[in-house]
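Enquirer: Here it is, the structure in full.
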Amino acid sequence: MKGVLAITSAPGKVILLGEHAVVFGQPAIAAAVNLRLHCRVATASTTTLNGAGLSPSAHPYVHHIVQACGLRENLAIDTRSEIPSGSGLGSSAAVCVALVSALVSRAHAIDPQEVAAKAYLTEAEVQGRASPTDTSVSTHGQGILVDRSEKADLLWSISRGGQQWFIHHCPMPKLSLVVGYTGVNAPTGPLVAKVKRFYDRTVFARDIVREIGQLTEEGLTRLKANDAVGLGQLMTKDHRLLAVLGVSSKELDRLVEGCLPFSYGAKLTGAGGGGSMIALTDSPDKVSEVIKRRGGIPYKVKLGEPGVRLEKE
Ligand code: PMV
């Protein structure tokens, strides 16, 4: 490898409340977790990703960013991830955020708003429909509240596809959370499209989306009060509503039901269909054991991880 130009890392995330509904303008709360994606960009004779030629079908996010940046030189892009890909823990957002940051850092200091916007537009173009939740939390780190109106602690805002989102900093108490990865890789785009069809066709789906928005607002109050009992109940309720929207799976339900006796609450996190669930618990060891016994892979995570940053070689 020739000269290293930049090394960055960006965190994965969990959505505590509000996934899917946020695509329709309802609020969502997300937190960065201590699983990071590392990205190194170096000069090279041809442009590659992890040693292979870049292809729009195999590497849509990286390909889109490289095209959008209009690079005039070839780059060797290498990524190493602690975030399981397709797990619903925001690995594609972390790739976008880390790569955009590495590229812009060559011209000027990393501007979180510029990174969050460029990374979001990449996700939205590749997936067809997306909210800025994942890319914003990976950029900013800690916790964020995405909402349809401006509140205190605004970080940035964006409109696209008839929706406007305001992204705010949201303080994250030290909650003990266990992620249960089902091992089933479920792409986000088709799940978001499925909910959109349901939403467009039925008042029932629109009511559920609104109900998820209401419980997310209530969850914000519980989070600020550090009320694990209240927050957990809302998480479980959110899972039931997401299941009615058709985005849970038998693997997710099996992990959620198994964790509930030892948790304040549990729910799928991210797009669903597979991917991961989260359990809010005081017994992380017990919950991890249940997840393993039920065929999942547990990760005890810490919330409130810092956002994207430049790393030293
Ligand atoms: O699949 P993930 O972890 O990237 O989560 C997607 C979250 C959704 O609300 C389903 C979509 C979005 O863009 O907000």
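Lettering and numbering for the structure tokens are positional, with chains as A, B, ... in the shown order, residues counted from 1 in each chain, and ligands counted from 1 in the shown order.
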Within 6 Å of Glu305 of chain A, counting only C-alpha atoms, which residues qualify if same-chain residues fewer than 3 places away don't, as a ChimeraX atom specification?
Expert: /A:32-34,141-142
Enquirer: Go ahead and write the residues just picked, C-alpha atoms, as a PDB file, in the first residue's frame.
Expert:
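part_5.pdb was written with the following content:
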ATOM      1  CA  ALA A  32     -24.133   5.014  19.329  1.00  0.00           C
ATOM      2  CA  VAL A  33     -22.635   1.758  20.644  1.00  0.00           C
ATOM      3  CA  ASN A  34     -19.067   0.674  21.335  1.00  0.00           C
ATOM      4  CA  GLY A 141     -22.129   9.639  18.514  1.00  0.00           C
ATOM      5  CA  GLN A 142     -23.733   9.607  21.986  1.00  0.00           C
TER       6      GLN A 142
END
Enquirer: Write out as a list of chain:residue names each polymer residue whose atoms come within 6 Å of segment 199-213 of chain A, counting only C-alpha atoms; drop sequence neighbours fewer than 3 positions from it.
Expert: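 Here the qualifying residues turn out to be A:Ala21, A:Gln26, A:Pro27, A:Val195, A:Lys196, A:Thr216.
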Enquirer: Mind the document's chain letters and residue numbers, and return as a PyMOL selection string the residues of segment 33-133 of chain A that DSSP labels strand (DSSP E).
Expert: chain A and resi 33-43+48-49+52-53+75-81
Enquirer: Let me make sure I understand: among A:Val192, A:Ile158, A:Leu145, A:Leu75, which one has the smallest atom-to-atom distance to Leu242 of chain A if we use only C-alpha atoms?
Expert: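 Checking each candidate against Leu242 of chain A, we get A:Val192 as the closest.
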Enquirer: Could I get the residue neighbourhood of ligand 1 at 7 Å, counting only C-alpha atoms and all ligand atoms, as a list of chain:residue names?
Expert: A:Glu19, A:His20, A:Ala21, A:Val22, A:Val23, A:Gly88, A:Leu89, A:Gly90, A:Ala93, A:Arg129, A:Ala130, A:Ser131, A:Pro132, A:Thr133, A:Asp134, A:Pro187, A:Thr188, A:Val192, A:Thr269, A:Gly270, A:Ala271, A:Gly272
Enquirer: Please produce a file of those selected residues containing C-alpha atoms, as a short mmCIF file (atom, residue, chain, number, x, y, z; two decimals), in the first residue's frame.
Expert:
data_model
loop_
_atom_site.label_atom_id
_atom_site.label_comp_id
_atom_site.auth_asym_id
_atom_site.auth_seq_id
_atom_site.Cartn_x
_atom_site.Cartn_y
_atom_site.Cartn_z
CA GLU A 19 -37.59 2.85 13.68
CA HIS A 20 -39.75 2.69 10.55
CA ALA A 21 -42.14 5.34 11.93
CA VAL A 22 -39.28 7.86 11.61
CA VAL A 23 -39.31 7.39 7.82
CA GLY A 88 -29.39 -3.81 12.01
CA LEU A 89 -26.60 -2.19 14.01
CA GLY A 90 -25.85 0.47 11.42
CA ALA A 93 -24.16 4.00 7.91
CA ARG A 129 -35.94 5.70 1.09
CA ALA A 130 -34.25 6.37 4.42
CA SER A 131 -34.31 8.67 7.41
CA PRO A 132 -31.12 10.41 8.59
CA THR A 133 -31.16 8.47 11.90
CA ASP A 134 -28.32 5.97 11.36
CA PRO A 187 -31.42 -5.71 3.90
CA THR A 188 -33.14 -2.49 5.01
CA VAL A 192 -38.81 0.03 4.39
CA THR A 269 -33.75 -2.70 16.58
CA GLY A 270 -33.26 -1.27 13.09
CA ALA A 271 -35.12 -2.49 10.05
CA GLY A 272 -36.04 -5.95 11.43
#
Enquirer: Counting only C-alpha atoms, what is within 12 Å of Gly275 of chain A, bar same-chain residues fewer than 2 positions away, as a ChimeraX atom specification?
Expert: /A:14,83-91,179-188,191,247-253,255,267-273,277-278,296-297
Enquirer: Considering only C-alpha atoms, return as a PyMOL selection string whatever protein or nucleic-acid residues lie within 12 Å of Val41 of chain A, sequence-local ones (same chain, fewer than 5 positions apart) excluded.
Expert: chain A and resi 1-9+47-51+62+66+73-80+98-106+310-311+313
Enquirer: Keeping N, CA, C and O atoms, export the residues of the selection given above as a tab-separated table (two decimals), in the first residue's frame.
Expert:
chain	number	residue	atom	x	y	z
A	1	MET	N	0.84	-1.20	0.00
A	1	MET	CA	0.00	0.00	0.00
A	1	MET	C	0.88	1.25	0.00
A	1	MET	O	1.87	1.32	0.72
A	2	LYS	N	0.48	2.23	-0.86
A	2	LYS	CA	1.27	3.47	-0.91
A	2	LYS	C	0.85	4.38	0.25
A	2	LYS	O	0.32	3.91	1.23
A	3	GLY	N	1.06	5.69	0.09
A	3	GLY	CA	0.87	6.62	1.20
A	3	GLY	C	-0.52	6.62	1.81
A	3	GLY	O	-1.51	6.73	1.08
A	4	VAL	N	-0.58	6.50	3.13
A	4	VAL	CA	-1.88	6.55	3.81
A	4	VAL	C	-2.33	8.01	3.86
A	4	VAL	O	-1.58	8.88	4.25
A	5	LEU	N	-3.58	8.26	3.44
A	5	LEU	CA	-4.10	9.62	3.41
A	5	LEU	C	-4.92	9.94	4.66
A	5	LEU	O	-4.87	11.05	5.16
A	6	ALA	N	-5.71	8.98	5.13
A	6	ALA	CA	-6.52	9.23	6.33
A	6	ALA	C	-6.99	7.90	6.92
A	6	ALA	O	-7.23	6.94	6.19
A	7	ILE	N	-7.11	7.89	8.23
A	7	ILE	CA	-7.71	6.74	8.92
A	7	ILE	C	-8.81	7.30	9.83
A	7	ILE	O	-8.57	8.27	10.56
A	8	THR	N	-9.99	6.71	9.73
A	8	THR	CA	-11.11	7.19	10.54
A	8	THR	C	-11.81	5.98	11.18
A	8	THR	O	-11.61	4.85	10.76
A	9	SER	N	-12.65	6.26	12.16
A	9	SER	CA	-13.54	5.21	12.67
A	9	SER	C	-14.87	5.83	13.04
A	9	SER	O	-14.94	7.02	13.38
A	47	THR	N	-8.47	1.85	-7.96
A	47	THR	CA	-9.33	2.02	-6.78
A	47	THR	C	-9.88	0.66	-6.35
A	47	THR	O	-10.44	-0.08	-7.16
A	48	THR	N	-9.69	0.34	-5.09
A	48	THR	CA	-10.13	-0.96	-4.56
A	48	THR	C	-10.82	-0.78	-3.22
A	48	THR	O	-10.61	0.22	-2.53
A	49	LEU	N	-11.65	-1.78	-2.86
A	49	LEU	CA	-12.21	-1.85	-1.51
A	49	LEU	C	-11.79	-3.20	-0.94
A	49	LEU	O	-12.12	-4.25	-1.51
A	50	ASN	N	-11.04	-3.15	0.12
A	50	ASN	CA	-10.51	-4.36	0.75
A	50	ASN	C	-9.85	-5.29	-0.28
A	50	ASN	O	-10.07	-6.49	-0.30
A	51	GLY	N	-9.11	-4.66	-1.20
A	51	GLY	CA	-8.31	-5.41	-2.16
A	51	GLY	C	-9.04	-5.78	-3.44
A	51	GLY	O	-8.42	-6.20	-4.41
A	62	VAL	N	-20.04	2.46	-1.00
A	62	VAL	CA	-18.69	2.99	-1.26
A	62	VAL	C	-18.61	3.50	-2.70
A	62	VAL	O	-18.07	4.58	-2.96
A	66	VAL	N	-17.60	7.34	-3.75
A	66	VAL	CA	-16.45	7.60	-4.61
A	66	VAL	C	-16.89	8.38	-5.85
A	66	VAL	O	-16.24	9.36	-6.25
A	73	GLU	N	-8.03	10.63	-8.36
A	73	GLU	CA	-6.92	9.70	-8.18
A	73	GLU	C	-7.48	8.36	-7.73
A	73	GLU	O	-8.65	8.26	-7.32
A	74	ASN	N	-6.68	7.32	-7.82
A	74	ASN	CA	-7.13	6.00	-7.36
A	74	ASN	C	-6.81	5.83	-5.88
A	74	ASN	O	-5.78	6.31	-5.40
A	75	LEU	N	-7.69	5.13	-5.21
A	75	LEU	CA	-7.53	4.97	-3.76
A	75	LEU	C	-7.70	3.52	-3.35
A	75	LEU	O	-8.57	2.82	-3.88
A	76	ALA	N	-6.89	3.09	-2.41
A	76	ALA	CA	-7.11	1.79	-1.77
A	76	ALA	C	-7.90	2.08	-0.50
A	76	ALA	O	-7.41	2.76	0.41
A	77	ILE	N	-9.16	1.61	-0.47
A	77	ILE	CA	-10.01	1.84	0.71
A	77	ILE	C	-10.08	0.51	1.46
A	77	ILE	O	-10.42	-0.52	0.88
A	78	ASP	N	-9.73	0.54	2.73
A	78	ASP	CA	-9.79	-0.69	3.52
A	78	ASP	C	-10.63	-0.46	4.75
A	78	ASP	O	-10.47	0.55	5.43
A	79	THR	N	-11.55	-1.40	4.99
A	79	THR	CA	-12.40	-1.26	6.17
A	79	THR	C	-12.25	-2.50	7.05
A	79	THR	O	-11.99	-3.60	6.56
A	80	ARG	N	-12.38	-2.28	8.33
A	80	ARG	CA	-12.37	-3.38	9.30
A	80	ARG	C	-13.51	-3.06	10.26
A	80	ARG	O	-13.58	-1.94	10.78
A	98	ALA	N	-17.61	6.92	7.97
A	98	ALA	CA	-16.15	6.82	8.10
A	98	ALA	C	-15.47	7.17	6.78
A	98	ALA	O	-14.45	7.88	6.77
A	99	LEU	N	-16.03	6.71	5.65
A	99	LEU	CA	-15.38	6.98	4.36
A	99	LEU	C	-15.52	8.45	3.97
A	99	LEU	O	-14.55	9.08	3.56
A	100	VAL	N	-16.73	9.01	4.11
A	100	VAL	CA	-16.91	10.43	3.78
A	100	VAL	C	-15.95	11.27	4.64
A	100	VAL	O	-15.27	12.17	4.13
A	101	SER	N	-15.83	10.94	5.91
A	101	SER	CA	-14.94	11.71	6.80
A	101	SER	C	-13.49	11.59	6.35
A	101	SER	O	-12.75	12.58	6.36
A	102	ALA	N	-13.08	10.37	5.97
A	102	ALA	CA	-11.69	10.19	5.52
A	102	ALA	C	-11.43	11.04	4.28
A	102	ALA	O	-10.39	11.69	4.17
A	103	LEU	N	-12.40	11.07	3.37
A	103	LEU	CA	-12.19	11.82	2.12
A	103	LEU	C	-12.20	13.34	2.37
A	103	LEU	O	-11.34	14.05	1.87
A	104	VAL	N	-13.18	13.82	3.16
A	104	VAL	CA	-13.24	15.28	3.37
A	104	VAL	C	-12.09	15.76	4.26
A	104	VAL	O	-11.65	16.90	4.14
A	105	SER	N	-11.57	14.87	5.11
A	105	SER	CA	-10.53	15.30	6.05
A	105	SER	C	-9.25	15.69	5.31
A	105	SER	O	-8.37	16.33	5.88
A	106	ARG	N	-9.16	15.32	4.04
A	106	ARG	CA	-7.96	15.69	3.28
A	106	ARG	C	-7.98	17.18	2.93
A	106	ARG	O	-6.94	17.79	2.73
A	310	LEU	N	-10.99	10.99	13.54
A	310	LEU	CA	-9.75	10.66	12.82
A	310	LEU	C	-8.91	9.81	13.76
A	310	LEU	O	-8.86	10.08	14.96
A	311	GLU	N	-8.27	8.78	13.21
A	311	GLU	CA	-7.42	7.91	14.04
A	311	GLU	C	-5.97	8.09	13.59
A	311	GLU	O	-5.71	8.41	12.44
A	313	GLU	N	-2.20	6.40	12.76
A	313	GLU	CA	-1.79	5.12	12.17
A	313	GLU	C	-1.26	4.18	13.24
A	313	GLU	O	-0.62	4.65	14.19
Enquirer: Calculated over only C-alpha atoms, which of the candidates A:Val308, A:Ile144, A:His38, A:Ala124 has the smallest distance to Arg160 of chain A?
Expert: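 Selected residue with least distance to Arg160 of chain A: A:Ala124.
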Enquirer: Using only C-alpha atoms, pick whichever of A:Gly258, A:Ser45, A:Ala30, A:Val178 has the shortest atom-to-atom distance to Val301 of chain A.
Expert: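 Of the candidates, the smallest distance to Val301 of chain A is held by A:Val178.
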Enquirer: Take atom CA of Arg254 of chain A and atom CA of His239 of chain A and report the distance between them in Å, one decimal.
Expert: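 So the answer is 12.2 Å.
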